[in-house]
Each structure stands twice: as C-alpha cells, then as structure tokens.
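Undergrad: To start, I am sharing the structure in question, which I have written as structure tokens.
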Amino acid sequence: QVQLVESGGGLVQAGGSLRLSCAASGLIFRYYAMGWYRQGPGKERELVARMDSGGITNYEHSVKGRFTISRDNVKNTVSLQINSLKPEDTAVYYCRADFGREEYWGQGTQVTVSS
C-alpha cells in the first residue's frame with residue numbers, strides 16, 4: 001500500500017520560511033517523479049514544483065527563486081523549502097508521486113501566510 005505523508009505546514013508571517021517534507025512508503029521511490037502541488041482557497045490545484053527520477057526540476061513561475069524541491073532516495077523523502085513567503089502562497093500543499101500512469105497523493109498540509 002502506497003502512502004505519502006506530508007508534514008511541516010503551519011502559520012507563518014509574510015517573508016518567513018517553511019520546510020515541507022513528504023515521506024513515501026510502499027513504492028520504489030527512486031523510480032517515481034515527485035512533486036508538490038497546492039490548492040488555495042477557491043482555486044484549482046496547481047503544480048508548484050516537481051523533480052523527476054533523474055533529478056530534473058520544474059517550478060511554477062511565481063515560486064521560482066523562492067521554492068526549492070529536493071529528494072532523498074535513501075530516506076524516501078521529498079522536501080520543499082519555501083522562502084520569502086507571501087500571503088498568496090496560502091494553500092493546502094500536497095505531495096504527489098507519479099510513474100507512467102500511476103499516481104499517488106498525500107493528504108495535504110496547510111500553509112497559511114499572514115500579512
């Protein structure tokens with residue numbers, strides 16, 4: 001059974017930082033692309049950052065230079081370092097694993113940025 005468990009969300013002031021983590025189990029982690037998505041209030045879920053199995057990354061335009069995705073194929077974790085937080089970054093952040101047609105999602109972690 002595949003499980004993705006996010007942690008690290010919280011309430012932070014604008015300009016602050018957070019580090020989100022996602023622990024994966026039940027899959028051969030190194031084969032999967034890992035990504036972070038978010039869904040803000042009244043908005044659709046969107047890609048924030050993704051790293052494929054070869055380490056290639058892509059970021060949503062508005063987070064480039066502020067967010068950094070990383071993965072540890074030994075610990076089976078993927079992290080998202082978030083700096084210079086803005087109120088518009090407020091959202092539920094989800095971890096996703098994908099390989100071919102397979103995809104798995106975590107339950108999400110709330111990030112709230114106060115102005």
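Ligands are numbered from 1 in the order shown, chains are lettered A, B, ... in the order of the structure tokens, and residues start at 1 in each chain.
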Which neighbours of A:Asp89 fall inside 10 Å, counting only C-alpha atoms, when residues of the same chain fewer than 4 positions from it are skipped, and could you give them as a list in words?
TA: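 These residues fall inside the cut-off: Ala14, Arg38, Gln39, Gly40, Ser62, Val63, Ile82, Ser84, Leu85, Tyr93, Val111, Thr112, Val113 and Ser114 of chain A.
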Undergrad: Can you write out as a Markdown table which residues of stretch 75-108 of chain A fall within 7 Å of stretch 1-11 of chain A, alongside each residue's closest atom pair and its distance in Å to one decimal, counting only C-alpha atoms and ordering rows by chain and ascending residue number?
TA:
```
| residue | atom | partner | partner_atom | distance |
| --- | --- | --- | --- | --- |
| A:Cys95 | CA | A:Glu6 | CA | 6.7 |
| A:Trp105 | CA | A:Leu4 | CA | 6.4 |
| A:Gly106 | CA | A:Leu4 | CA | 4.6 |
| A:Gln107 | CA | A:Val5 | CA | 6.8 |
| A:Gly108 | CA | A:Glu6 | CA | 6.1 |
```
Undergrad: Store the residues picked out above, limited to all heavy atoms, as a PDB file, in the first residue's frame.
TA:
```
ATOM      1  N   CYS A  95       1.705  16.421  -1.705  1.00  0.00           N
ATOM      2  CA  CYS A  95       2.788  15.661  -2.297  1.00  0.00           C
ATOM      3  C   CYS A  95       2.191  14.664  -3.302  1.00  0.00           C
ATOM      4  O   CYS A  95       1.133  14.073  -3.037  1.00  0.00           O
ATOM      5  CB  CYS A  95       3.521  14.917  -1.177  1.00  0.00           C
ATOM      6  SG  CYS A  95       4.837  13.818  -1.677  1.00  0.00           S
ATOM      7  N   TRP A 105      -1.224  10.423  -4.125  1.00  0.00           N
ATOM      8  CA  TRP A 105      -1.291  11.728  -3.466  1.00  0.00           C
ATOM      9  C   TRP A 105      -1.258  11.563  -1.951  1.00  0.00           C
ATOM     10  O   TRP A 105      -1.797  10.597  -1.402  1.00  0.00           O
ATOM     11  CB  TRP A 105      -2.597  12.447  -3.840  1.00  0.00           C
ATOM     12  CG  TRP A 105      -2.691  12.876  -5.264  1.00  0.00           C
ATOM     13  CD1 TRP A 105      -3.171  12.147  -6.311  1.00  0.00           C
ATOM     14  CD2 TRP A 105      -2.312  14.145  -5.801  1.00  0.00           C
ATOM     15  NE1 TRP A 105      -3.113  12.892  -7.471  1.00  0.00           N
ATOM     16  CE2 TRP A 105      -2.589  14.126  -7.191  1.00  0.00           C
ATOM     17  CE3 TRP A 105      -1.765  15.311  -5.251  1.00  0.00           C
ATOM     18  CZ2 TRP A 105      -2.333  15.215  -8.031  1.00  0.00           C
ATOM     19  CZ3 TRP A 105      -1.520  16.391  -6.089  1.00  0.00           C
ATOM     20  CH2 TRP A 105      -1.804  16.338  -7.447  1.00  0.00           C
ATOM     21  N   GLY A 106      -0.661  12.550  -1.322  1.00  0.00           N
ATOM     22  CA  GLY A 106      -0.749  12.634   0.122  1.00  0.00           C
ATOM     23  C   GLY A 106      -2.019  13.338   0.541  1.00  0.00           C
ATOM     24  O   GLY A 106      -2.817  13.779  -0.297  1.00  0.00           O
ATOM     25  N   GLN A 107      -2.184  13.468   1.835  1.00  0.00           N
ATOM     26  CA  GLN A 107      -3.419  14.053   2.372  1.00  0.00           C
ATOM     27  C   GLN A 107      -3.355  15.573   2.443  1.00  0.00           C
ATOM     28  O   GLN A 107      -4.379  16.231   2.644  1.00  0.00           O
ATOM     29  CB  GLN A 107      -3.730  13.475   3.760  1.00  0.00           C
ATOM     30  CG  GLN A 107      -2.960  14.117   4.913  1.00  0.00           C
ATOM     31  CD  GLN A 107      -1.482  13.795   4.953  1.00  0.00           C
ATOM     32  OE1 GLN A 107      -1.002  12.907   4.233  1.00  0.00           O
ATOM     33  NE2 GLN A 107      -0.740  14.488   5.799  1.00  0.00           N
ATOM     34  N   GLY A 108      -2.166  16.130   2.297  1.00  0.00           N
ATOM     35  CA  GLY A 108      -2.002  17.580   2.296  1.00  0.00           C
ATOM     36  C   GLY A 108      -1.596  18.144   3.642  1.00  0.00           C
ATOM     37  O   GLY A 108      -1.871  17.554   4.698  1.00  0.00           O
TER      38      GLY A 108
END
```
Undergrad: To test your reading of the structure, identify every residue in chain A that backbone DSSP assigns to strand (DSSP E), and report it as a PyMOL selection string.
TA: chain A and resi 3-7+10-13+18-25+33-39+46-51+57-59+67-72+77-82+91-99+102-105+109-114
Undergrad: Could you check the closest approach to A:Thr90 for each of A:Lys43, A:Arg50, A:Lys64, A:Arg19 and tell me which residue wins, using only C-alpha atoms?
TA: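 Looking at the shortest contact to A:Thr90, the residue is A:Lys43.
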Undergrad: When you draw a straight line from atom CA of A:Gly100 to atom CA of A:Asn58, how long is it in Å?
TA: 17.7 Å
Undergrad: Which one is closest to A:Ala97: A:Arg45, A:His61, A:Arg71, A:Arg66? Count only C-alpha atoms.
TA: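 Among A:Arg45, A:His61, A:Arg71, A:Arg66, it is A:Arg71 that comes nearest to A:Ala97.
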Undergrad: By how many Å are atom CA of A:Gly15 and atom CA of A:Thr57 apart?
TA: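 So the two atoms, atom CA of A:Gly15 and atom CA of A:Thr57, lie 23.9 Å apart.
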Undergrad: Mind giving me the straight-line distance from atom CA of A:Tyr94 to atom CA of A:Tyr32 in Å, one decimal?
TA: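 Between these atoms lies a distance of 15.6 Å.
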Undergrad: Pick the closest to A:Asp72 from A:Ser17, A:Ala24, A:Ala49, A:Arg101: which is it, counting only C-alpha atoms?
TA: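 Of A:Ser17, A:Ala24, A:Ala49, A:Arg101, the one nearest A:Asp72, counting only C-alpha atoms, is A:Ala24.
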Undergrad: Mind checking which residues fall within 10 Å of A:Met34, counting only C-alpha atoms, ignoring those fewer than 2 positions away in the same chain, and posting them as a PyMOL selection string?
TA: chain A and resi 22+24+29-32+36+49-53+55+57+69-71+77-79+95-99+103-104
Undergrad: Produce a file of the selected residues containing C-alpha atoms, as a PDB file, in the first residue's frame.
TA:
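Saved to out-v8.pdb:
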```
ATOM      1  CA  CYS A  22       6.820  14.128   2.365  1.00  0.00           C
ATOM      2  CA  ALA A  24       6.845   7.885   0.957  1.00  0.00           C
ATOM      3  CA  PHE A  29      10.773   5.649  -4.615  1.00  0.00           C
ATOM      4  CA  ARG A  30      13.715   6.270  -6.930  1.00  0.00           C
ATOM      5  CA  TYR A  31      11.630   5.342  -9.980  1.00  0.00           C
ATOM      6  CA  TYR A  32       8.972   7.993  -9.317  1.00  0.00           C
ATOM      7  CA  TRP A  36       4.439  19.382  -4.749  1.00  0.00           C
ATOM      8  CA  ALA A  49       7.496  22.079  -8.124  1.00  0.00           C
ATOM      9  CA  ARG A  50       8.392  18.692  -9.494  1.00  0.00           C
ATOM     10  CA  MET A  51      11.534  16.597  -9.683  1.00  0.00           C
ATOM     11  CA  ASP A  52      11.717  13.580 -11.951  1.00  0.00           C
ATOM     12  CA  SER A  53      13.616  10.398 -11.229  1.00  0.00           C
ATOM     13  CA  GLY A  55      16.719  14.960 -10.776  1.00  0.00           C
ATOM     14  CA  THR A  57      13.178  20.009 -11.795  1.00  0.00           C
ATOM     15  CA  ILE A  69      12.452  20.972  -4.190  1.00  0.00           C
ATOM     16  CA  SER A  70      14.827  18.210  -3.157  1.00  0.00           C
ATOM     17  CA  ARG A  71      14.631  14.467  -2.704  1.00  0.00           C
ATOM     18  CA  THR A  77      11.541  11.661   1.171  1.00  0.00           C
ATOM     19  CA  VAL A  78      10.898  14.750  -0.878  1.00  0.00           C
ATOM     20  CA  SER A  79      11.112  18.221   0.607  1.00  0.00           C
ATOM     21  CA  CYS A  95       2.788  15.661  -2.297  1.00  0.00           C
ATOM     22  CA  ARG A  96       2.396  13.567  -5.439  1.00  0.00           C
ATOM     23  CA  ALA A  97       4.297  10.581  -6.821  1.00  0.00           C
ATOM     24  CA  ASP A  98       3.934   9.584 -10.450  1.00  0.00           C
ATOM     25  CA  PHE A  99       5.388   6.901 -12.715  1.00  0.00           C
ATOM     26  CA  GLU A 103      -0.050   8.472  -9.403  1.00  0.00           C
ATOM     27  CA  TYR A 104      -0.422   8.772  -5.670  1.00  0.00           C
TER      28      TYR A 104
END
```
